[in-house]
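Enquirer: Below is entry-v1.cif; it holds mmCIF, C-alpha atoms and all ligand atoms.
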```
data_model
#
loop_
_atom_site.label_atom_id
_atom_site.label_comp_id
_atom_site.auth_asym_id
_atom_site.auth_seq_id
_atom_site.Cartn_x
_atom_site.Cartn_y
_atom_site.Cartn_z
CA MET A 1 -28.94 16.63 34.06
CA ARG A 2 -28.93 15.37 30.51
CA TYR A 3 -25.51 16.85 29.66
CA GLN A 4 -22.34 16.87 31.69
CA GLY A 5 -20.82 20.20 32.76
CA LEU A 6 -17.20 21.15 33.34
CA GLU A 7 -16.03 21.12 36.93
CA GLY A 8 -14.50 24.32 38.29
CA TYR A 9 -13.85 26.00 34.91
CA ARG A 10 -12.38 29.49 35.35
CA HIS A 11 -11.91 32.13 32.65
CA SER A 12 -8.53 33.00 34.05
CA GLU A 13 -7.20 29.56 33.07
CA GLY A 14 -5.55 29.28 29.68
CA GLU A 15 -7.22 27.27 26.94
CA ARG A 16 -5.89 23.73 27.19
CA THR A 17 -5.08 22.06 23.89
CA GLY A 18 -4.70 18.32 23.44
CA VAL A 19 -3.65 15.76 20.85
CA LEU A 20 -5.40 12.43 21.20
CA LEU A 21 -3.61 9.49 19.60
CA VAL A 22 -5.94 6.55 19.06
CA ASN A 23 -4.88 3.03 18.18
CA LEU A 24 -6.98 -0.07 17.60
CA GLY A 25 -6.68 -1.59 21.06
CA THR A 26 -5.67 -4.95 22.37
CA PRO A 27 -6.80 -7.47 24.99
CA ASP A 28 -5.82 -7.02 28.66
CA ALA A 29 -4.25 -10.49 28.84
CA PRO A 30 -3.39 -13.32 26.43
CA GLU A 31 -6.22 -15.39 27.85
CA PRO A 32 -9.52 -16.60 26.35
CA ALA A 33 -11.72 -14.56 28.75
CA ALA A 34 -9.85 -11.31 27.96
CA LEU A 35 -9.93 -12.13 24.24
CA ARG A 36 -13.64 -12.75 24.39
CA SER A 37 -14.50 -9.32 25.76
CA TYR A 38 -12.01 -7.56 23.42
CA LEU A 39 -13.23 -9.40 20.32
CA ALA A 40 -16.89 -8.94 21.31
CA GLU A 41 -16.44 -5.16 21.40
CA PHE A 42 -14.29 -5.07 18.23
CA LEU A 43 -16.29 -7.43 16.05
CA SER A 44 -19.70 -6.06 17.02
CA ASP A 45 -18.68 -2.66 15.57
CA PRO A 46 -20.80 -2.21 12.41
CA ARG A 47 -17.95 -0.22 10.80
CA VAL A 48 -15.84 -3.40 10.99
CA ILE A 49 -18.42 -6.01 10.06
CA GLU A 50 -20.99 -4.58 7.64
CA VAL A 51 -23.59 -7.33 7.97
CA PRO A 52 -27.11 -6.80 9.37
CA ARG A 53 -26.95 -7.17 13.18
CA ALA A 54 -29.77 -9.74 13.28
CA ILE A 55 -27.66 -12.04 11.11
CA TRP A 56 -24.19 -11.22 12.47
CA LEU A 57 -24.64 -11.14 16.26
CA PRO A 58 -25.88 -14.77 16.59
CA ILE A 59 -22.90 -15.90 14.46
CA LEU A 60 -20.49 -13.74 16.50
CA TYR A 61 -21.70 -14.96 19.90
CA GLY A 62 -22.54 -18.53 18.87
CA VAL A 63 -19.61 -19.43 16.63
CA ILE A 64 -16.83 -16.83 16.35
CA LEU A 65 -16.22 -15.84 19.98
CA PRO A 66 -16.00 -19.35 21.47
CA PHE A 67 -13.48 -20.50 18.85
CA ARG A 68 -11.53 -17.36 18.03
CA SER A 69 -11.02 -16.30 21.66
CA ARG A 70 -9.13 -19.52 22.37
CA ARG A 71 -7.11 -19.46 19.13
CA SER A 72 -6.22 -15.78 19.36
CA ALA A 73 -5.24 -16.08 23.05
CA HIS A 74 -2.65 -18.64 22.00
CA ALA A 75 -1.35 -16.30 19.26
CA TYR A 76 -1.13 -13.32 21.67
CA ALA A 77 0.80 -15.46 24.17
CA GLN A 78 3.59 -15.78 21.55
CA VAL A 79 4.21 -12.01 21.49
CA TRP A 80 3.23 -10.97 25.03
CA SER A 81 6.11 -9.44 26.99
CA GLU A 82 6.73 -8.20 30.52
CA ARG A 83 5.26 -4.87 29.45
CA GLY A 84 2.15 -6.60 28.11
CA SER A 85 0.76 -6.44 24.58
CA PRO A 86 3.24 -4.95 22.07
CA LEU A 87 0.53 -2.80 20.48
CA ARG A 88 -0.10 -1.16 23.81
CA TRP A 89 3.42 -0.53 25.04
CA HIS A 90 4.74 0.59 21.65
CA SER A 91 1.78 3.01 21.44
CA GLU A 92 2.59 4.31 24.94
CA ASP A 93 6.23 4.84 23.98
CA LEU A 94 5.19 6.63 20.79
CA THR A 95 2.88 8.91 22.81
CA ALA A 96 5.76 9.82 25.13
CA ALA A 97 8.09 10.42 22.15
CA LEU A 98 5.52 12.70 20.49
CA GLN A 99 4.99 14.62 23.76
CA GLN A 100 8.74 15.16 23.99
CA GLN A 101 9.03 16.46 20.41
CA LEU A 102 6.01 18.77 20.81
CA ASP A 103 7.36 20.11 24.12
CA ALA A 104 10.58 21.01 22.34
CA ALA A 105 8.78 22.69 19.42
CA GLN A 106 5.76 24.30 21.06
CA PRO A 107 5.27 23.89 24.82
CA GLY A 108 1.75 23.57 26.25
CA ILE A 109 0.25 20.85 24.04
CA GLU A 110 -0.85 17.74 25.95
CA VAL A 111 -0.69 14.33 24.27
CA ARG A 112 -2.75 11.36 25.44
CA LEU A 113 -3.34 7.86 24.12
CA ALA A 114 -6.63 5.98 23.87
CA MET A 115 -7.72 2.71 22.31
CA ARG A 116 -10.78 2.23 20.13
CA TYR A 117 -11.47 -1.17 21.72
CA GLY A 118 -10.36 -2.16 25.22
CA GLN A 119 -8.38 0.07 27.58
CA PRO A 120 -7.72 2.95 27.98
CA SER A 121 -11.02 3.64 26.23
CA ILE A 122 -11.66 6.85 24.28
CA ARG A 123 -14.51 7.61 26.70
CA SER A 124 -12.39 7.29 29.85
CA VAL A 125 -9.60 9.47 28.43
CA LEU A 126 -11.91 12.18 27.06
CA ASP A 127 -14.13 12.32 30.16
CA ASP A 128 -11.13 12.85 32.38
CA TRP A 129 -9.54 15.41 30.07
CA ILE A 130 -12.65 17.48 29.36
CA ARG A 131 -13.58 17.51 33.04
CA SER A 132 -10.18 18.99 33.77
CA GLY A 133 -10.59 21.78 31.20
CA LEU A 134 -9.59 20.55 27.72
CA ARG A 135 -10.94 23.13 25.25
CA ARG A 136 -9.30 22.17 21.94
CA LEU A 137 -8.80 18.68 20.66
CA LEU A 138 -6.92 17.26 17.68
CA VAL A 139 -7.60 13.56 17.06
CA ILE A 140 -4.96 11.49 15.27
CA PRO A 141 -5.98 7.88 14.60
CA LEU A 142 -2.73 5.90 14.38
CA TYR A 143 -3.48 4.63 10.87
CA PRO A 144 -1.39 6.13 8.05
CA GLN A 145 -4.07 5.09 5.52
CA TYR A 146 -7.75 5.93 5.95
CA SER A 147 -10.31 3.15 6.19
CA ALA A 148 -13.88 3.34 7.42
CA THR A 149 -13.10 0.15 9.41
CA THR A 150 -10.42 1.91 11.47
CA THR A 151 -10.31 5.73 11.12
CA ALA A 152 -14.05 6.38 10.79
CA THR A 153 -14.92 4.27 13.80
CA VAL A 154 -12.56 6.42 15.91
CA PHE A 155 -14.48 9.49 14.75
CA ASP A 156 -17.78 7.74 15.55
CA GLU A 157 -16.69 7.03 19.10
CA VAL A 158 -15.17 10.49 19.74
CA SER A 159 -18.41 12.06 18.44
CA ARG A 160 -20.54 9.84 20.69
CA CYS A 161 -18.41 10.81 23.69
CA LEU A 162 -18.48 14.56 22.96
CA ALA A 163 -22.25 14.46 22.47
CA ARG A 164 -22.60 13.92 26.24
CA TRP A 165 -20.98 17.26 27.16
CA ARG A 166 -22.74 20.57 27.59
CA TRP A 167 -19.69 22.42 26.23
CA PRO A 168 -17.58 20.09 24.08
CA PRO A 169 -14.09 21.22 23.08
CA GLU A 170 -13.29 22.51 19.59
CA LEU A 171 -12.44 19.54 17.43
CA ARG A 172 -10.18 18.68 14.50
CA TRP A 173 -9.22 15.31 13.14
CA ILE A 174 -6.81 13.73 10.77
CA ASN A 175 -8.04 11.33 8.09
CA ASP A 176 -4.71 9.83 7.07
CA TYR A 177 -1.02 10.75 6.96
CA PHE A 178 0.66 8.43 4.42
CA ASN A 179 1.15 11.44 2.15
CA GLU A 180 2.59 13.60 4.93
CA PRO A 181 6.10 14.82 4.03
CA GLY A 182 8.53 12.55 5.81
CA TRP A 183 6.30 9.53 6.42
CA ALA A 184 7.45 7.47 3.40
CA ALA A 185 11.02 8.62 4.04
CA ALA A 186 10.78 7.40 7.65
CA VAL A 187 9.56 3.95 6.52
CA ALA A 188 12.28 3.87 3.84
CA GLY A 189 14.81 4.78 6.54
CA ARG A 190 13.67 1.82 8.62
CA ILE A 191 14.13 -0.49 5.61
CA ARG A 192 17.60 0.91 4.84
CA GLU A 193 18.59 0.42 8.48
CA HIS A 194 17.49 -3.24 8.27
CA TRP A 195 19.44 -3.73 5.02
CA LYS A 196 22.52 -2.17 6.61
CA THR A 197 22.41 -4.63 9.53
CA HIS A 198 21.15 -7.78 7.81
CA GLY A 199 22.02 -7.31 4.15
CA ARG A 200 19.52 -6.70 1.39
CA GLY A 201 16.94 -9.44 0.64
CA ASP A 202 16.05 -10.64 -2.87
CA ARG A 203 12.58 -9.09 -2.72
CA LEU A 204 10.82 -6.45 -0.62
CA LEU A 205 7.21 -7.27 0.21
CA MET A 206 5.05 -4.44 1.56
CA SER A 207 2.18 -6.07 3.40
CA PHE A 208 -0.90 -4.07 4.51
CA HIS A 209 -3.80 -5.24 6.66
CA GLY A 210 -6.68 -6.25 4.37
CA ILE A 211 -10.36 -5.34 4.35
CA PRO A 212 -13.26 -7.06 2.54
CA SER A 213 -13.22 -6.17 -1.21
CA ARG A 214 -16.87 -5.24 -0.82
CA TYR A 215 -15.79 -2.17 1.19
CA LEU A 216 -13.49 -1.00 -1.63
CA ARG A 217 -16.38 -1.31 -4.07
CA GLY A 218 -18.49 0.66 -1.58
CA GLY A 219 -16.06 3.60 -1.79
CA ASP A 220 -13.45 3.00 0.92
CA PRO A 221 -10.21 4.70 -0.31
CA TYR A 222 -7.98 2.35 1.73
CA HIS A 223 -6.87 0.18 -1.21
CA CYS A 224 -5.74 3.21 -3.25
CA GLN A 225 -3.96 4.74 -0.26
CA CYS A 226 -2.05 1.48 0.37
CA HIS A 227 -0.90 1.41 -3.26
CA ALA A 228 0.10 5.08 -3.12
CA SER A 229 1.98 4.48 0.16
CA ALA A 230 3.92 1.57 -1.34
CA ARG A 231 4.81 3.61 -4.45
CA LEU A 232 6.05 6.50 -2.29
CA ILE A 233 8.24 4.15 -0.22
CA ALA A 234 9.58 2.41 -3.35
CA ALA A 235 10.38 5.82 -4.86
CA GLU A 236 12.27 6.86 -1.70
CA LEU A 237 14.34 3.67 -1.99
CA GLU A 238 14.73 4.08 -5.79
CA LEU A 239 13.45 0.53 -6.31
CA THR A 240 12.60 -0.82 -9.75
CA ALA A 241 9.22 -2.51 -10.26
CA ASP A 242 10.66 -6.05 -10.03
CA GLU A 243 12.33 -5.39 -6.66
CA TRP A 244 9.17 -4.98 -4.57
CA GLN A 245 5.54 -6.05 -4.38
CA LEU A 246 2.44 -5.30 -2.34
CA SER A 247 0.01 -7.65 -0.61
CA PHE A 248 -2.79 -7.68 1.98
CA GLN A 249 -2.70 -9.74 5.18
CA SER A 250 -4.82 -10.77 8.18
CA ARG A 251 -8.02 -11.72 6.39
CA VAL A 252 -10.87 -13.05 8.50
CA GLY A 253 -13.86 -15.11 7.27
CA ARG A 254 -14.77 -16.50 3.89
CA GLU A 255 -15.70 -13.53 1.72
CA PRO A 256 -13.03 -12.12 -0.66
CA TRP A 257 -10.72 -9.49 0.83
CA LEU A 258 -8.28 -7.19 -0.96
CA GLN A 259 -5.79 -9.17 -3.02
CA PRO A 260 -3.13 -10.44 -3.49
CA TYR A 261 -3.14 -12.12 -0.07
CA THR A 262 0.14 -11.96 1.85
CA ASP A 263 0.15 -15.65 2.85
CA HIS A 264 -0.40 -16.76 -0.76
CA THR A 265 2.26 -14.32 -1.99
CA VAL A 266 4.83 -15.55 0.53
CA GLU A 267 4.16 -19.19 -0.42
CA GLN A 268 4.43 -18.32 -4.11
CA LEU A 269 7.78 -16.60 -3.50
CA GLY A 270 8.89 -19.71 -1.59
CA ARG A 271 7.87 -21.95 -4.49
CA GLU A 272 9.84 -19.70 -6.84
CA GLY A 273 12.88 -20.46 -4.70
CA ILE A 274 13.48 -16.87 -3.56
CA GLY A 275 16.29 -16.96 -1.00
CA ARG A 276 15.53 -14.00 1.24
CA VAL A 277 12.37 -11.95 1.36
CA ASP A 278 12.14 -8.79 3.47
CA VAL A 279 8.65 -7.93 4.71
CA VAL A 280 7.64 -4.49 5.93
CA CYS A 281 4.10 -3.58 7.08
CA PRO A 282 3.68 0.16 6.39
CA GLY A 283 0.03 0.26 7.47
CA PHE A 284 0.92 -0.53 11.08
CA ALA A 285 2.16 2.44 13.07
CA VAL A 286 3.48 0.13 15.77
CA ASP A 287 4.24 -3.56 16.04
CA CYS A 288 1.43 -5.81 17.18
CA LEU A 289 0.04 -9.32 16.88
CA GLU A 290 -0.46 -8.98 13.13
CA THR A 291 3.18 -8.13 12.44
CA LEU A 292 5.06 -10.03 15.15
CA GLU A 293 3.05 -13.26 15.11
CA GLU A 294 1.37 -13.44 11.71
CA ILE A 295 4.24 -12.14 9.59
CA ALA A 296 7.40 -12.76 11.60
CA MET A 297 6.32 -16.23 12.81
CA GLN A 298 3.50 -17.77 10.74
CA ASN A 299 4.42 -16.38 7.33
CA ALA A 300 8.13 -16.94 7.91
CA GLU A 301 7.38 -20.64 8.51
CA ALA A 302 5.08 -20.83 5.48
CA PHE A 303 7.79 -19.27 3.26
CA LYS A 304 10.32 -21.88 4.37
CA ALA A 305 7.85 -24.74 4.07
CA ALA A 306 7.10 -23.71 0.47
CA GLY A 307 10.80 -23.89 -0.45
CA GLY A 308 11.98 -20.34 0.31
CA GLY A 309 14.98 -19.37 2.40
CA GLU A 310 14.52 -16.78 5.11
CA LEU A 311 11.71 -14.29 5.65
CA ARG A 312 12.98 -11.27 7.59
CA TYR A 313 10.44 -8.96 9.19
CA ILE A 314 11.36 -5.26 9.27
CA PRO A 315 9.99 -3.64 12.47
CA ALA A 316 7.33 -0.92 12.37
CA LEU A 317 8.27 2.71 13.01
CA ASN A 318 7.17 2.32 16.66
CA SER A 319 8.58 5.12 18.85
CA GLU A 320 11.49 5.96 16.51
CA PRO A 321 12.32 9.70 16.56
CA SER A 322 11.62 9.86 12.81
CA HIS A 323 8.07 8.60 13.47
CA ALA A 324 7.42 10.96 16.37
CA GLY A 325 8.85 13.75 14.18
CA VAL A 326 6.37 13.07 11.36
CA LEU A 327 3.48 13.06 13.84
CA ALA A 328 4.76 16.21 15.55
CA ARG A 329 4.91 18.12 12.24
CA LEU A 330 1.48 16.78 11.29
CA ALA A 331 0.04 17.84 14.66
CA LEU A 332 1.61 21.31 14.57
CA ARG A 333 0.29 21.97 11.07
CA HIS A 334 -3.22 20.98 12.12
CA LEU A 335 -2.98 22.91 15.40
CA ALA A 336 -2.29 26.16 13.52
CA GLY A 337 -4.45 28.96 14.87
CA TRP A 338 -4.82 27.16 18.20
CA VAL A 339 -1.19 27.33 19.29
CA GLY A 340 1.98 29.06 18.17
CA GLU A 341 2.59 32.05 15.94
CA SER A 342 -0.85 32.19 14.43
CA ALA A 343 -2.66 32.12 17.79
CA PRO A 344 -4.35 35.51 18.31
CA ALA A 345 -2.80 36.36 21.71
CA PRO A 346 -0.86 39.69 21.63
CA THR A 347 2.83 39.27 22.42
CA ASP A 348 3.35 42.61 24.23
CA PRO A 349 2.73 41.88 27.98
CA ALA A 350 0.90 45.19 28.61
CA ALA A 351 -1.41 44.67 25.61
CA ARG A 352 -2.00 41.10 26.73
CA LYS A 353 -2.93 42.22 30.25
CA ALA A 354 -5.31 44.90 28.94
CA ARG A 355 -6.96 42.45 26.58
CA PHE A 356 -7.34 39.86 29.32
CA GLU A 357 -8.90 42.40 31.72
CA ALA A 358 -11.41 43.45 29.06
CA TYR A 359 -12.23 39.82 28.41
CA ARG A 360 -12.61 38.94 32.09
CA GLY A 361 -14.73 41.95 32.97
CA PRO A 362 -15.07 43.67 36.37
CA GLN A 363 -14.03 41.50 39.33
CA ARG A 364 -16.45 41.24 42.20
C1 LIG B 401 -12.93 -9.04 10.67
C2 LIG B 401 -12.73 -7.84 10.33
C3 LIG B 401 -11.52 -7.01 10.44
C4 LIG B 401 -11.26 -5.90 9.68
C5 LIG B 401 -12.12 -5.31 8.58
C6 LIG B 401 -10.00 -5.38 10.13
C7 LIG B 401 -9.37 -4.24 9.59
C8 LIG B 401 -8.19 -3.69 10.06
N1 LIG B 401 -7.48 -4.03 11.20
C9 LIG B 401 -6.34 -3.25 11.29
C10 LIG B 401 -5.37 -3.30 12.28
C11 LIG B 401 -5.25 -4.30 13.25
N2 LIG B 401 -6.03 -5.42 13.37
C12 LIG B 401 -5.60 -6.16 14.43
C13 LIG B 401 -6.15 -7.34 14.90
C14 LIG B 401 -7.32 -7.90 14.46
N3 LIG B 401 -8.06 -7.54 13.35
C15 LIG B 401 -9.22 -8.32 13.26
C16 LIG B 401 -10.25 -8.21 12.31
C17 LIG B 401 -10.38 -7.19 11.36
N4 LIG B 401 -9.52 -6.17 11.11
C18 LIG B 401 -9.19 -9.21 14.38
C19 LIG B 401 -10.25 -10.23 14.70
C20 LIG B 401 -8.03 -8.94 15.12
C21 LIG B 401 -7.63 -9.55 16.48
C22 LIG B 401 -6.65 -10.59 16.43
C23 LIG B 401 -7.20 -11.86 15.90
O1 LIG B 401 -8.07 -12.45 16.54
O2 LIG B 401 -6.76 -12.24 14.82
C24 LIG B 401 -4.47 -5.49 15.01
C25 LIG B 401 -3.58 -5.99 16.17
C26 LIG B 401 -4.18 -5.83 17.55
C27 LIG B 401 -3.24 -6.28 18.63
O3 LIG B 401 -3.72 -6.43 19.77
O4 LIG B 401 -2.06 -6.48 18.44
C28 LIG B 401 -4.26 -4.32 14.29
C29 LIG B 401 -3.23 -3.24 14.55
C30 LIG B 401 -6.36 -2.37 10.18
C31 LIG B 401 -5.27 -1.34 9.90
C32 LIG B 401 -7.48 -2.64 9.41
C33 LIG B 401 -8.00 -2.03 8.18
C34 LIG B 401 -7.39 -1.21 7.43
FE FE B 402 -7.55 -6.05 12.00
FE FE B 403 -7.57 1.28 -5.48
#
```
Rewrite the structure of this file - the entire thing - as structure tokens.
Ligand SMILES: C=CC1=C(C)c2cc3[nH]c(cc4nc(cc5[nH]c(cc1n2)c(C)c5CCC(=O)O)C(CCC(=O)O)=C4C)c(C)c3C=C
Ligand SMILES: [Fe+2]
Ligand SMILES: [Fe+2]
Expert:
Amino acid sequence: MRYQGLEGYRHSEGERTGVLLVNLGTPDAPEPAALRSYLAEFLSDPRVIEVPRAIWLPILYGVILPFRSRRSAHAYAQVWSERGSPLRWHSEDLTAALQQQLDAAQPGIEVRLAMRYGQPSIRSVLDDWIRSGLRRLLVIPLYPQYSATTTATVFDEVSRCLARWRWPPELRWINDYFNEPGWAAAVAGRIREHWKTHGRGDRLLMSFHGIPSRYLRGGDPYHCQCHASARLIAAELELTADEWQLSFQSRVGREPWLQPYTDHTVEQLGREGIGRVDVVCPGFAVDCLETLEEIAMQNAEAFKAAGGGELRYIPALNSEPSHAGVLARLALRHLAGWVGESAPAPTDPAARKARFEAYRGPQR
């Protein structure tokens, strides 16, 4: 058969509704072999590297993978814990926190987590879920700001997976959520909490993951959404323009990426003799290599080496109730008509029974 069918579907079963959280993904171990297979999948995605395959793949396999796998394995080893990669376990905790909040607000919605690269793959999660009767699916990529390099590639992969099914579930997806009521307030809350415990730094730096500038010129709205996010957070904190700045981190390769670069900014602040800089990374839903190693370790050292005092990293929202709450409200709004008040099921039990019997037809 060309298309897969559902196993044992029965009309009498309710319509199952799911929320799929998708994060970037992470290697299985902080070792070169695991890094190689993770990076090979990630960096051969044409949404991530927009270079003709015939040019890029020989560079990827001949130059990048042998060197980067070793270097990145070392970096991952610095942040690996008993529970594994921080990106993975924080994402798992966030999934559980969201499930709990949805259960309290509107029982019957299932939440699962998948990774765009590595495990658990989108394909493995969807195959299992659809086979067991999932009929309505809301996809939430765990990126507050849209970028083709992150959000769109999740949609690509979900679409490829659903295309294999004879009867795919109904589908909705979220482009971004930085402008969702409560998101900027949740990030601001995290910053205030840090200031309460550690005192307020001399400058707040909001650092977002970068992308090649070429993609912005090609129409990717990511740059604008990062600036809007930072302004919303600054407004929540009632900061004046000289109290905060924005930068872009984690660049890879030689072509220009979005600027100003975080590492250059941190060194500049060090040279200016700034005593304490607080860095928050509002583009990262959960902590990961790029926040815990690049910012909290590498950039902290670079700040000091340039003459600065202390760089303090403010943790991501992770599985904080405020974060799960924002995602729960976002999910419920987008699930309208599928679950809850606006769902068409009659509330009177007798009317419901009559309607169901008409729907089911005569029983043999
Ligand atoms: C080379 C191209 C890359 C683009 C474009 C890119 C965009 C991008 N990435 C994130 C979020 C994350 N990236 C992470 C790691 C990471 N990113 C790249 C490359 C690009 N990212 C690489 C090669 C790596 C792997 C680590 C390394 O070798 O340096 C992570 C952390 C993953 C983890 O396991 O902890 C996240 C999260 C965003 C949001 C983004 C564009 C908006
Ligand atoms: Fe990245
Ligand atoms: Fe812009």
Enquirer: Take atom CA of Ser69 of chain A and atom CA of Ala302 of chain A and report the distance between them in Å, one decimal.
Expert: 23.3 Å
Enquirer: Quick one: residues within 8 Å of ligand FE 403 (chain B), with all atoms listed in the file, as an MDAnalysis selection string?
Expert: chainID A and resid 216 221:225 227
Enquirer: Just the number, please: distance in Å from atom CA of His90 of chain A to atom CA of Gln119 of chain A, one decimal.
Expert: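 We find that atom CA of His90 of chain A and atom CA of Gln119 of chain A lie 14.4 Å from each other.
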Enquirer: Identify the residues around (3.9, -0.2, 22.0) within a radius of 10 Å, measuring from only C-alpha atoms in the coordinates stated by the file, and give them as a PDB file with C-alpha atoms, keeping the file's coordinate frame.
Expert:
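Result written to result_5.pdb:
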```
ATOM      1  CA  ARG A  83       5.260  -4.870  29.450  1.00  0.00           C
ATOM      2  CA  GLY A  84       2.150  -6.600  28.110  1.00  0.00           C
ATOM      3  CA  SER A  85       0.760  -6.440  24.580  1.00  0.00           C
ATOM      4  CA  PRO A  86       3.240  -4.950  22.070  1.00  0.00           C
ATOM      5  CA  LEU A  87       0.530  -2.800  20.480  1.00  0.00           C
ATOM      6  CA  ARG A  88      -0.100  -1.160  23.810  1.00  0.00           C
ATOM      7  CA  TRP A  89       3.420  -0.530  25.040  1.00  0.00           C
ATOM      8  CA  HIS A  90       4.740   0.590  21.650  1.00  0.00           C
ATOM      9  CA  SER A  91       1.780   3.010  21.440  1.00  0.00           C
ATOM     10  CA  GLU A  92       2.590   4.310  24.940  1.00  0.00           C
ATOM     11  CA  ASP A  93       6.230   4.840  23.980  1.00  0.00           C
ATOM     12  CA  LEU A  94       5.190   6.630  20.790  1.00  0.00           C
ATOM     13  CA  THR A  95       2.880   8.910  22.810  1.00  0.00           C
ATOM     14  CA  ALA A 285       2.160   2.440  13.070  1.00  0.00           C
ATOM     15  CA  VAL A 286       3.480   0.130  15.770  1.00  0.00           C
ATOM     16  CA  ASP A 287       4.240  -3.560  16.040  1.00  0.00           C
ATOM     17  CA  CYS A 288       1.430  -5.810  17.180  1.00  0.00           C
ATOM     18  CA  ASN A 318       7.170   2.320  16.660  1.00  0.00           C
ATOM     19  CA  SER A 319       8.580   5.120  18.850  1.00  0.00           C
TER      20      SER A 319
END
```
Enquirer: From the options A:Leu289, A:Ala358, A:Cys226, A:Ala331, which residue's atoms come nearest to Gln78 of chain A, counting only C-alpha atoms?
Expert: A:Leu289
Enquirer: Around the point (18.3, -2.2, 8.1) (coordinates from the file), which residues reach within 12 Å if we count all atoms listed in the file? Answer as JSON, numbers by chain.
Expert: {"A": [187, 188, 189, 190, 191, 192, 193, 194, 195, 196, 197, 198, 199, 200, 201, 278, 279, 280, 312, 313, 314, 315, 316]}
Enquirer: Using C-alpha atoms, give me segment 124-154 of chain A from the structure I just pasted, as an mmCIF file, in the first residue's frame.
Expert:
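Ended up saving to part-v4.cif:
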```
data_model
loop_
_atom_site.group_PDB
_atom_site.id
_atom_site.type_symbol
_atom_site.label_atom_id
_atom_site.label_comp_id
_atom_site.auth_asym_id
_atom_site.auth_seq_id
_atom_site.Cartn_x
_atom_site.Cartn_y
_atom_site.Cartn_z
ATOM 1 C CA SER A 124 8.464 8.554 15.292
ATOM 2 C CA VAL A 125 6.140 10.633 17.492
ATOM 3 C CA LEU A 126 3.554 11.309 14.765
ATOM 4 C CA ASP A 127 3.527 7.737 13.444
ATOM 5 C CA ASP A 128 2.840 6.376 16.895
ATOM 6 C CA TRP A 129 0.209 8.998 17.686
ATOM 7 C CA ILE A 130 -1.702 8.830 14.398
ATOM 8 C CA ARG A 131 -1.680 5.037 14.475
ATOM 9 C CA SER A 132 -3.339 5.207 17.867
ATOM 10 C CA GLY A 133 -6.103 7.543 16.653
ATOM 11 C CA LEU A 134 -4.926 11.179 16.750
ATOM 12 C CA ARG A 135 -7.426 13.174 14.662
ATOM 13 C CA ARG A 136 -6.547 16.808 15.422
ATOM 14 C CA LEU A 137 -3.087 18.223 15.736
ATOM 15 C CA LEU A 138 -1.766 21.614 16.829
ATOM 16 C CA VAL A 139 1.967 22.073 16.198
ATOM 17 C CA ILE A 140 3.896 24.530 18.376
ATOM 18 C CA PRO A 141 7.549 24.945 17.394
ATOM 19 C CA LEU A 142 9.359 26.049 20.561
ATOM 20 C CA TYR A 143 10.672 29.246 18.983
ATOM 21 C CA PRO A 144 9.069 32.504 20.164
ATOM 22 C CA GLN A 145 10.251 34.250 16.971
ATOM 23 C CA TYR A 146 9.598 32.843 13.501
ATOM 24 C CA SER A 147 12.516 31.975 11.233
ATOM 25 C CA ALA A 148 12.508 29.839 8.119
ATOM 26 C CA THR A 149 15.646 28.172 9.560
ATOM 27 C CA THR A 150 13.750 26.868 12.596
ATOM 28 C CA THR A 151 9.935 27.190 12.412
ATOM 29 C CA ALA A 152 9.473 26.504 8.694
ATOM 30 C CA THR A 153 11.628 23.397 8.757
ATOM 31 C CA VAL A 154 9.359 21.961 11.483
#
```
